[in-house]
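K.L.:
The structure is given below, and queries will be raised subsequently.
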Amino acid sequence: EDNPQFASDVYACNEVAFLLGCLAGLFTQNTDIPGINEEHVVGYISGMEAPTTLDYFTGFEAGAKFTCPDVTVLQSWTGSYTDPLLAKEMTKGMISQGADCILGCISSAVVGVFEACDEADIYSFGLDTNKDADYEGKIITSGLKCGDVTSYKFGKEFIEGTWEPGFILMDCASGALDITDMATIKKHLQ
């Protein structure tokens with residue numbers, strides 16, 4: 001904080017996860033959607049319990065409970081962000097407990113989450129970048145970290161001479177976090 005040459009940005013991951021949780025809560029209640037059961041169970045899977053992953057979980061759980069107060073939010077920690085087979089097996093475990101919407105906050109191992117959800121004909125969420133078309137019709141939406149917004153903000157302030165060092169929280173209100181337009185899932189579900 002005291003270095004006059006640096007500014008750092010931190011994303012309010014709980015905010016975008018809250019939006020994803022709200023959608024999970026809405027989806028898990030709608031049994032008219034193919035693959036949604038009557039149990040009101042959603043899941044969250046990540047590599048390790050760390051401040052960022054716990055921030056995501058807290059937001060996801062709060063969002064799910066906001067739109068579906070009686071929802072059960074399962075959580076699993078694999079201990080790895082690079083083992084898609086382990087992520088897939090742990091996702092299958094959640095599915096066997098009734099989860100029909102699962103958020104994988106698990107870096108490259110998220111492929112395992114996507115595969116398990118696709119094979120079980122249930123739903124998942126992308127994270128950080130747009131994954132909506134990766135498993136078309138099985139990814140509800142993707143939570144986005146918009147690094148371009150952050151870079152533009154710093155660049156603009158530097159050019160205008162208003163840049164200041166320090167800590168900056170990037171959130172949904174700043175446009176640095178968002179979700180996709182859900183066009184892919186809308187098309188799939190008509």
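If you're wondering about the labels, chains in the structure tokens are A, B, ... by order shown, residues count from 1 in each chain, ligands from 1 in order shown.
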Can you list, as a VMD selection string, all residues belonging to stretch 17-107 of chain A that DSSP tags as helix (DSSP H, G or I)?
P.N.:
chain A and resid 17 to 29 51 to 67 84 to 96 107
K.L.:
Any idea what's packed within 12 Å of A:Ala62, counting only C-alpha atoms, ignoring anything in its chain fewer than 5 positions away? Could you give it as a list in words?
P.N.:
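Surrounding residues, per the criterion: Asn14, Glu15, Val16, Ala17, Phe18, Leu19, Leu20, Gly21, Cys22, Leu23, Ala24, Gly25, Asp55, Tyr56, Phe57, Thr67, Cys68, Pro69, Asp70, Val71, Thr72 and Val73 of chain A.
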K.L.:
Enter the distance from atom CA of A:Ile106 to atom CA of A:Gly175, in Å, rounded to one decimal.
P.N.:
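Distance between the two atoms: 23.3 Å.
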K.L.:
Need the shell around A:Gln5: protein/DNA/RNA residues with any atom at most 10 Å away, counting only C-alpha atoms. Skip same-chain ones fewer than 5 positions apart. Format as a ChimeraX atom specification?
P.N.:
/A:164-166
K.L.:
With distances taken over only C-alpha atoms, which of A:Asn3, A:Thr82, A:Thr184, A:Asn37 is nearest to A:Gln97?
P.N.:
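Residue with the minimum atom-to-atom distance to A:Gln97: A:Asn37.
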K.L.:
Which residues in stretch 35-89 of chain A does DSSP call strand (DSSP E)? List them as JSON, numbers by chain.
P.N.:
{"A": [41, 42, 43, 44, 45, 46, 72, 73, 74, 75, 76, 77]}
K.L.:
Considering only C-alpha atoms, can you say which of A:Ile102, A:Met170, A:Cys117, A:Leu189 comes closest to A:Phe60?
P.N.:
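Smallest separation from A:Phe60 among the options: A:Ile102.
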K.L.:
Go through A:Thr150, A:Ser174, A:Gln190, A:Asn30 one by one, measure the shortest atom-to-atom distance of each to A:Ala7 using only C-alpha atoms, and give the residue with the smallest value.
P.N.:
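Result for the nearest residue to A:Ala7: A:Thr150.
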K.L.:
Would you list the contacts of stretch 84-88 of chain A as a PyMOL selection string, taking every protein, DNA or RNA residue within 9 Å and counting only C-alpha atoms, but skipping same-chain residues closer than 6 positions in sequence?
P.N.:
chain A and resi 45-47+77-78+104+106+108-117
K.L.:
Using only C-alpha atoms, which of A:Leu26, A:Cys101, A:Asp9, A:Thr58 sits nearest A:Val41?
P.N.:
A:Cys101
K.L.:
Could you jot down the atom CA of A:Lys65 to atom CA of A:Ile179 separation for me, Å, one decimal place?
P.N.:
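Atom CA of A:Ile179 lies at a distance of 18.8 Å from atom CA of A:Lys65.
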K.L.:
Write out as number ranges by chain each polymer residue whose atoms come within 8 Å of stretch 118-131 of chain A, counting only C-alpha atoms; drop sequence neighbours fewer than 6 positions from it.
P.N.:
A: 20, 34-36, 95, 100-105, 138-146, 180
K.L.:
What does the distance between atom CA of A:Phe154 and atom CA of A:Leu177 come to in Å, to one decimal place?
P.N.:
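Result for atom CA of A:Phe154 versus atom CA of A:Leu177: 16.0 Å, one decimal.
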K.L.:
Restricting the calculation to only C-alpha atoms: of A:Gly155, A:Gly147, A:Gly98, A:Gly59, which residue gets closest to A:Glu39?
P.N.:
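Going through A:Gly155, A:Gly147, A:Gly98, A:Gly59 one by one, the smallest distance to A:Glu39 is for A:Gly98.
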K.L.:
Can you work out which one of A:Val42, A:Ala173, A:Met48, A:Ala12 has the shortest atom-to-atom distance to A:Ser107, counting only C-alpha atoms?
P.N.:
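So, comparing all the options, the nearest one is A:Met48.
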